[in-house]
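What follows is the content of my_file_27.cif (mmCIF, C-alpha atoms).
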data_run
#
loop_
_atom_site.label_atom_id
_atom_site.label_comp_id
_atom_site.auth_asym_id
_atom_site.auth_seq_id
_atom_site.Cartn_x
_atom_site.Cartn_y
_atom_site.Cartn_z
CA MET A 1 223.60 68.90 281.52
CA ALA A 2 220.82 71.36 280.64
CA ASN A 3 217.73 70.98 282.83
CA LEU A 4 214.98 69.86 280.44
CA GLY A 5 212.27 71.05 282.81
CA ILE A 6 213.07 74.51 281.45
CA PRO A 7 211.03 74.99 278.24
CA GLN A 8 213.76 76.55 276.08
CA ASN A 9 216.11 73.64 276.84
CA THR A 10 213.46 71.15 275.73
CA ILE A 11 212.83 73.14 272.54
CA ALA A 12 216.58 73.26 271.83
CA VAL A 13 216.85 69.44 272.11
CA LEU A 14 213.79 68.87 269.91
CA GLN A 15 215.21 71.20 267.27
CA LYS A 16 218.71 69.73 267.44
CA TYR A 17 217.34 66.27 266.65
CA HIS A 18 214.52 67.45 264.33
CA PHE A 19 212.17 65.45 266.52
CA ASN A 20 208.62 64.87 265.29
CA PHE A 21 205.92 64.13 267.84
CA GLN A 22 204.19 60.83 267.22
CA LYS A 23 200.45 61.01 267.68
CA LYS A 24 200.25 57.22 268.01
CA PHE A 25 202.45 57.35 271.12
CA GLY A 26 200.44 60.21 272.70
CA GLN A 27 203.60 62.23 273.35
CA ASN A 28 203.36 65.32 275.57
CA PHE A 29 206.60 66.38 277.25
CA LEU A 30 206.52 68.07 280.64
CA ILE A 31 208.10 71.53 280.79
CA ASP A 32 207.53 72.73 284.32
CA THR A 33 210.20 72.38 287.00
CA SER A 34 207.77 72.79 289.90
CA VAL A 35 205.60 69.91 288.63
CA LEU A 36 208.70 67.75 288.15
CA ASN A 37 209.83 68.45 291.71
CA ARG A 38 206.32 67.69 292.93
CA ILE A 39 206.35 64.28 291.24
CA ILE A 40 209.75 63.37 292.72
CA SER A 41 208.62 64.37 296.22
CA ALA A 42 205.23 62.64 295.88
CA ALA A 43 206.98 59.44 294.77
CA GLU A 44 209.27 59.77 297.83
CA ILE A 45 212.35 58.85 295.80
CA THR A 46 215.47 58.27 297.92
CA LYS A 47 219.04 57.12 297.26
CA GLU A 48 217.96 53.60 298.27
CA ASP A 49 215.42 53.36 295.46
CA CYS A 50 215.37 51.61 292.14
CA VAL A 51 212.86 53.41 289.91
CA LEU A 52 211.17 52.14 286.77
CA GLU A 53 210.22 55.04 284.52
CA ILE A 54 207.72 54.36 281.75
CA GLY A 55 207.94 56.65 278.72
CA PRO A 56 210.92 58.89 279.53
CA GLY A 57 210.46 60.91 276.31
CA ILE A 58 213.56 63.08 275.95
CA GLY A 59 214.65 62.34 279.52
CA THR A 60 213.15 65.33 281.36
CA MET A 61 211.91 63.46 284.43
CA THR A 62 214.66 60.86 284.05
CA GLN A 63 217.22 63.56 284.90
CA TYR A 64 215.33 64.40 288.10
CA LEU A 65 214.96 60.72 288.98
CA ALA A 66 218.66 60.03 288.35
CA GLU A 67 219.58 62.82 290.76
CA SER A 68 217.35 61.40 293.50
CA ALA A 69 217.41 57.60 293.08
CA ARG A 70 220.09 54.94 293.29
CA GLU A 71 219.13 53.38 289.97
CA VAL A 72 216.71 54.26 287.16
CA VAL A 73 215.46 51.94 284.42
CA ALA A 74 213.63 53.88 281.70
CA VAL A 75 211.52 52.04 279.13
CA GLU A 76 210.82 54.01 275.93
CA ILE A 77 208.80 52.63 272.99
CA ASP A 78 209.79 55.26 270.39
CA LYS A 79 213.17 54.36 268.90
CA ALA A 80 213.56 57.90 267.53
CA LEU A 81 214.01 59.02 271.16
CA ILE A 82 216.86 56.62 271.99
CA PRO A 83 219.73 58.74 270.54
CA ILE A 84 218.24 61.81 272.26
CA LEU A 85 218.15 59.96 275.60
CA GLU A 86 221.77 58.86 275.15
CA ASP A 87 222.64 62.55 274.82
CA THR A 88 220.43 64.08 277.54
CA LEU A 89 221.32 61.35 280.07
CA SER A 90 225.04 61.07 279.22
CA ALA A 91 226.00 62.64 282.58
CA TYR A 92 224.35 59.84 284.59
CA ASP A 93 225.84 56.40 285.14
CA ASN A 94 222.83 55.14 287.12
CA VAL A 95 220.33 55.09 284.22
CA THR A 96 219.54 52.17 281.91
CA VAL A 97 217.37 52.90 278.86
CA ILE A 98 215.41 50.06 277.27
CA ASN A 99 213.80 50.56 273.86
CA ASP A 100 210.67 48.44 274.13
CA ASP A 101 206.95 48.40 274.76
CA ILE A 102 206.39 48.32 278.55
CA LEU A 103 203.54 45.82 278.08
CA LYS A 104 206.05 43.35 276.62
CA VAL A 105 208.89 43.90 279.08
CA ASP A 106 209.69 41.30 281.75
CA ILE A 107 209.58 43.70 284.70
CA ASN A 108 210.17 40.93 287.23
CA LYS A 109 213.51 40.26 285.54
CA ILE A 110 214.45 43.96 285.83
CA VAL A 111 213.51 43.92 289.53
CA GLN A 112 215.70 40.85 290.09
CA GLU A 113 218.69 42.24 288.21
CA LYS A 114 218.59 45.83 289.40
CA ASN A 115 217.03 45.60 292.85
CA SER A 116 217.66 42.04 294.09
CA GLY A 117 213.93 41.32 293.84
CA ASN A 118 213.01 44.08 296.32
CA PRO A 119 210.01 46.33 295.57
CA ILE A 120 210.64 49.14 293.10
CA LYS A 121 208.86 52.47 292.58
CA VAL A 122 207.26 53.26 289.24
CA VAL A 123 207.08 56.80 287.89
CA ALA A 124 205.50 57.73 284.56
CA ASN A 125 203.90 60.41 282.43
CA LEU A 126 201.43 58.16 280.62
CA PRO A 127 199.53 58.74 277.39
CA TYR A 128 195.81 58.54 277.93
CA TYR A 129 195.04 55.62 275.61
CA ILE A 130 197.28 53.16 277.43
CA THR A 131 197.02 54.21 281.08
CA THR A 132 194.68 51.43 282.21
CA PRO A 133 196.47 48.45 280.58
CA ILE A 134 199.80 49.63 281.98
CA ILE A 135 198.58 50.18 285.55
CA MET A 136 196.50 47.01 285.71
CA GLY A 137 199.31 45.07 284.02
CA LEU A 138 201.75 46.18 286.73
CA PHE A 139 199.35 45.19 289.51
CA GLU A 140 198.08 41.93 288.01
CA SER A 141 201.54 40.61 287.18
CA HIS A 142 202.37 40.99 290.89
CA VAL A 143 205.66 42.76 290.21
CA PRO A 144 207.22 43.76 293.58
CA LEU A 145 206.09 47.39 293.81
CA LYS A 146 206.05 50.04 296.52
CA SER A 147 204.15 52.66 294.61
CA ILE A 148 203.20 53.99 291.18
CA THR A 149 203.30 57.79 290.78
CA ILE A 150 201.90 58.81 287.43
CA MET A 151 200.76 61.74 285.41
CA VAL A 152 197.49 60.89 283.69
CA GLN A 153 194.49 62.67 282.25
CA LYS A 154 192.63 64.36 285.11
CA GLU A 155 189.45 62.43 284.40
CA VAL A 156 191.31 59.10 284.67
CA ALA A 157 192.89 60.14 287.98
CA ASP A 158 189.42 60.99 289.29
CA ARG A 159 188.13 57.63 288.14
CA MET A 160 190.83 55.78 290.08
CA GLN A 161 189.82 57.23 293.42
CA VAL A 162 186.02 57.55 293.36
CA GLY A 163 183.55 55.34 295.20
CA PRO A 164 180.24 53.65 294.29
CA GLY A 165 177.28 55.55 292.89
CA THR A 166 179.28 58.16 290.96
CA LYS A 167 179.36 58.27 287.16
CA ASP A 168 183.17 57.88 287.09
CA TYR A 169 183.06 54.73 289.24
CA GLY A 170 183.89 51.60 287.29
CA ALA A 171 186.21 48.66 286.73
CA LEU A 172 189.30 50.90 286.90
CA SER A 173 188.26 52.37 290.29
CA LEU A 174 187.77 48.90 291.73
CA GLY A 175 190.90 47.46 290.15
CA VAL A 176 193.12 50.21 291.49
CA GLN A 177 191.50 50.24 294.94
CA TYR A 178 191.90 46.48 295.31
CA TYR A 179 195.66 46.77 294.88
CA ALA A 180 196.54 50.23 296.14
CA LYS A 181 195.58 53.41 297.96
CA PRO A 182 195.07 56.17 295.36
CA GLU A 183 195.81 59.80 296.14
CA ILE A 184 195.82 62.75 293.72
CA VAL A 185 198.88 64.85 294.58
CA ALA A 186 198.75 67.59 291.92
CA ASN A 187 196.55 68.96 289.16
CA VAL A 188 198.54 69.97 286.09
CA PRO A 189 197.17 72.37 283.45
CA PRO A 190 197.80 71.87 279.70
CA ASN A 191 200.35 74.71 279.50
CA CYS A 192 202.87 72.60 281.45
CA PHE A 193 203.43 70.43 278.37
CA ILE A 194 204.85 70.55 274.85
CA PRO A 195 202.72 70.11 272.77
CA ARG A 196 199.79 71.25 274.88
CA PRO A 197 197.21 68.49 275.40
CA ASN A 198 193.52 69.35 275.06
CA VAL A 199 192.73 68.23 278.59
CA GLY A 200 193.96 68.81 282.11
CA SER A 201 196.21 66.24 283.77
CA ALA A 202 196.80 65.11 287.33
CA VAL A 203 199.56 63.35 289.21
CA ILE A 204 198.24 60.44 291.23
CA ARG A 205 200.15 58.20 293.60
CA LEU A 206 199.05 54.60 294.04
CA THR A 207 200.59 53.13 297.19
CA ARG A 208 200.58 49.36 296.93
CA PHE A 209 198.83 47.45 299.73
CA ASN A 210 200.76 44.63 301.39
CA GLU A 211 197.47 42.76 301.60
CA PRO A 212 194.34 43.54 299.54
CA PRO A 213 191.59 45.17 301.64
CA VAL A 214 189.16 42.33 300.84
CA GLN A 215 189.57 38.56 300.84
CA VAL A 216 188.60 36.91 297.58
CA LYS A 217 188.90 33.25 296.62
CA ASP A 218 189.56 33.86 292.94
CA GLU A 219 190.95 37.26 292.00
CA SER A 220 190.62 36.90 288.24
CA ARG A 221 187.05 35.73 288.58
CA MET A 222 186.15 38.74 290.70
CA PHE A 223 187.61 41.07 288.05
CA ALA A 224 185.73 39.24 285.30
CA LEU A 225 182.53 39.84 287.31
CA ILE A 226 183.42 43.50 287.80
CA ARG A 227 184.13 44.02 284.09
CA ALA A 228 180.87 42.31 283.12
CA SER A 229 178.97 44.50 285.61
CA PHE A 230 180.24 47.70 284.04
CA ASN A 231 180.20 46.58 280.40
CA GLN A 232 176.50 47.30 280.42
CA ARG A 233 176.10 49.91 283.12
CA ARG A 234 172.38 50.35 282.66
CA LYS A 235 171.59 46.68 283.19
CA THR A 236 170.84 45.09 286.52
CA LEU A 237 173.52 42.74 287.82
CA VAL A 238 171.19 39.79 287.34
CA ASN A 239 170.91 40.52 283.60
CA GLY A 240 174.45 41.82 283.09
CA LEU A 241 176.14 38.83 284.72
CA GLY A 242 173.58 36.26 283.60
CA ASN A 243 174.14 37.18 279.94
CA ALA A 244 177.91 37.68 280.11
CA ALA A 245 179.91 35.32 277.91
CA GLY A 246 182.59 33.37 279.73
CA LEU A 247 181.25 33.87 283.26
CA SER A 248 179.07 30.76 283.18
CA VAL A 249 176.66 31.89 285.89
CA THR A 250 172.91 31.80 285.57
CA LYS A 251 170.54 34.62 286.43
CA GLU A 252 169.13 32.39 289.17
CA GLN A 253 172.57 31.99 290.75
CA VAL A 254 173.15 35.75 290.68
CA ARG A 255 169.72 36.41 292.14
CA ALA A 256 170.28 33.87 294.94
CA ALA A 257 173.72 35.30 295.77
CA LEU A 258 172.35 38.85 295.92
CA GLU A 259 169.53 37.68 298.16
CA GLN A 260 172.08 36.10 300.51
CA MET A 261 173.84 39.48 300.61
CA GLY A 262 170.57 41.23 301.43
CA LEU A 263 170.51 43.06 298.08
CA PRO A 264 167.50 43.39 295.73
CA ALA A 265 167.49 41.59 292.36
CA THR A 266 167.23 45.02 290.67
CA VAL A 267 170.62 46.24 291.96
CA ARG A 268 173.19 47.60 289.47
CA GLY A 269 176.93 47.07 289.56
CA GLU A 270 177.72 50.75 289.97
CA THR A 271 176.23 50.74 293.49
CA LEU A 272 178.35 47.85 294.86
CA THR A 273 181.46 48.43 296.95
CA LEU A 274 184.67 46.45 296.45
CA LYS A 275 183.77 44.44 299.56
CA GLN A 276 180.37 43.54 298.07
CA PHE A 277 181.94 42.50 294.75
CA ALA A 278 184.37 40.26 296.66
CA ARG A 279 181.48 38.66 298.57
CA LEU A 280 179.44 38.19 295.39
CA SER A 281 182.42 36.64 293.64
CA ASN A 282 183.04 34.27 296.57
CA LEU A 283 179.38 33.23 296.70
CA LEU A 284 179.26 32.57 292.94
CA THR A 285 182.56 30.66 293.05
CA GLU A 286 181.08 28.33 295.69
CA LYS A 287 178.15 27.67 293.38
CA GLN A 288 180.39 26.42 290.57
#

Kindly return the structure encoded in the file as structure tokens.
Amino acid sequence: MANLGIPQNTIAVLQKYHFNFQKKFGQNFLIDTSVLNRIISAAEITKEDCVLEIGPGIGTMTQYLAESAREVVAVEIDKALIPILEDTLSAYDNVTVINDDILKVDINKIVQEKNSGNPIKVVANLPYYITTPIIMGLFESHVPLKSITIMVQKEVADRMQVGPGTKDYGALSLGVQYYAKPEIVANVPPNCFIPRPNVGSAVIRLTRFNEPPVQVKDESRMFALIRASFNQRRKTLVNGLGNAAGLSVTKEQVRAALEQMGLPATVRGETLTLKQFARLSNLLTEKQ
């Protein structure tokens, strides 16, 4: 089978099927063999592994994954790509293609059927607009996962690994760092894709923690607090949380909790570490 990491092979497939790129799906296909090899090595794919690939496109990375893994399940939302995938992956008997929206797929069921419930590895080249819901969905649904290795917009990759006090720090940074250890493994310029995106991309690996780095009594409540803290970045935590719908905490409760933590009432969410958010959440949960 022709290696789709080579640009002319990708172009030939797209022409053969008269494929039209769908803006709504944010499609940018990777055409760089060194980047593809880098992703496979960063994801540490072995013959023992069952890999879930999100958004296989025309099957470029799927081919590489199929060569390296025991089993690959590829979930593609665009039904126009299904006949192309049947063609480009016809040489592999260890690939299952599912035409569906990853946010609606029962991944736990796939893990049971294909990997006896053991942790899988996720690999993806994700469109910008849906990166956060997919990553947080994978973590929050507690699917058995070893790691997620993904190509995302460079700015999003930066956001996942920064700490407090930086302008990129926010709910995504804290969400990712609660569940996993983030590490950028490659920066990828626009000319590695067809069509060329307007921004640079990066490959980031999120290695799932066995245990979260902080102890929190109510995970979903902590994340609600975090989201409310960053919804209005310029506000103090006392005002941001005190006015947030659905949190049902008063400004007095927030002020008292901050005081217990040795923090001033004027503090903003962007300066708090994950550990401090966990403590704040635990203190406010006790007050309920």

The PyMOL selection byres ((chain A and resi 155) around 10) applied to the shown file, residues as a VMD selection string: chain A and resid 128 152 to 154 156 to 160 168 199 to 202

Output file for the residues above (C-alpha atoms, as a PDB file, in the coordinates of the input):
ATOM      1  CA  TYR A 128     195.810  58.540 277.930  1.00  0.00           C
ATOM      2  CA  VAL A 152     197.490  60.890 283.690  1.00  0.00           C
ATOM      3  CA  GLN A 153     194.490  62.670 282.250  1.00  0.00           C
ATOM      4  CA  LYS A 154     192.630  64.360 285.110  1.00  0.00           C
ATOM      5  CA  VAL A 156     191.310  59.100 284.670  1.00  0.00           C
ATOM      6  CA  ALA A 157     192.890  60.140 287.980  1.00  0.00           C
ATOM      7  CA  ASP A 158     189.420  60.990 289.290  1.00  0.00           C
ATOM      8  CA  ARG A 159     188.130  57.630 288.140  1.00  0.00           C
ATOM      9  CA  MET A 160     190.830  55.780 290.080  1.00  0.00           C
ATOM     10  CA  ASP A 168     183.170  57.880 287.090  1.00  0.00           C
ATOM     11  CA  VAL A 199     192.730  68.230 278.590  1.00  0.00           C
ATOM     12  CA  GLY A 200     193.960  68.810 282.110  1.00  0.00           C
ATOM     13  CA  SER A 201     196.210  66.240 283.770  1.00  0.00           C
ATOM     14  CA  ALA A 202     196.800  65.110 287.330  1.00  0.00           C
TER      15      ALA A 202
END

d(CA of Ile39 (chain A), CA of Asn125 (chain A)) in Å: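 Spanning CA of Ile39 (chain A) to CA of Asn125 (chain A) is a straight-line distance of 9.9 Å.
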
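With distances restricted to all atoms listed in the file, A:Ala278 is the closest residue to Tyr178 (chain A) from A:Ile58, A:Leu237, A:Ala278, A:Leu138.
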
Care to translate the PyMOL selection byres ((chain A and resi 280) around 12) into actual residues of this file, as JSON, numbers by chain? {"A": [214, 215, 216, 217, 218, 221, 222, 223, 224, 225, 226, 229, 237, 238, 241, 249, 253, 254, 255, 256, 257, 258, 259, 260, 261, 262, 263, 269, 272, 273, 274, 275, 276, 277, 278, 279, 281, 282, 283, 284, 285, 286, 287]}

Check what the PyMOL selection byres ((chain A and resi 141) around 12) selects in the file above and give those residues as an mmCIF file with C-alpha atoms, keeping the file's coordinate frame.
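Full text of selection03.cif as output:
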data_model
loop_
_atom_site.group_PDB
_atom_site.id
_atom_site.type_symbol
_atom_site.label_atom_id
_atom_site.label_comp_id
_atom_site.auth_asym_id
_atom_site.auth_seq_id
_atom_site.Cartn_x
_atom_site.Cartn_y
_atom_site.Cartn_z
ATOM 1 C CA LEU A 103 203.540 45.820 278.080
ATOM 2 C CA LYS A 104 206.050 43.350 276.620
ATOM 3 C CA VAL A 105 208.890 43.900 279.080
ATOM 4 C CA ASP A 106 209.690 41.300 281.750
ATOM 5 C CA ILE A 107 209.580 43.700 284.700
ATOM 6 C CA ASN A 108 210.170 40.930 287.230
ATOM 7 C CA PRO A 133 196.470 48.450 280.580
ATOM 8 C CA ILE A 134 199.800 49.630 281.980
ATOM 9 C CA ILE A 135 198.580 50.180 285.550
ATOM 10 C CA MET A 136 196.500 47.010 285.710
ATOM 11 C CA GLY A 137 199.310 45.070 284.020
ATOM 12 C CA LEU A 138 201.750 46.180 286.730
ATOM 13 C CA PHE A 139 199.350 45.190 289.510
ATOM 14 C CA GLU A 140 198.080 41.930 288.010
ATOM 15 C CA HIS A 142 202.370 40.990 290.890
ATOM 16 C CA VAL A 143 205.660 42.760 290.210
ATOM 17 C CA PRO A 144 207.220 43.760 293.580
ATOM 18 C CA LEU A 145 206.090 47.390 293.810
ATOM 19 C CA TYR A 179 195.660 46.770 294.880
ATOM 20 C CA SER A 220 190.620 36.900 288.240
#

Can you tell me which residues surround Thr266 (chain A) at a distance of at most 7 Å, considering all atoms listed in the file, apart from same-chain residues fewer than 2 positions away, and format the answer as a list in words? Thr236, Pro264 and Arg268 of chain A

Keeping C-alpha atoms for every residue in the selection just given, could you write it to a file as a short mmCIF file (atom, residue, chain, number, x, y, z; two decimals), in the coordinates of the input?
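Produced file out_22.cif, reproduced below:
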data_model
loop_
_atom_site.label_atom_id
_atom_site.label_comp_id
_atom_site.auth_asym_id
_atom_site.auth_seq_id
_atom_site.Cartn_x
_atom_site.Cartn_y
_atom_site.Cartn_z
CA THR A 236 170.84 45.09 286.52
CA PRO A 264 167.50 43.39 295.73
CA ARG A 268 173.19 47.60 289.47
#
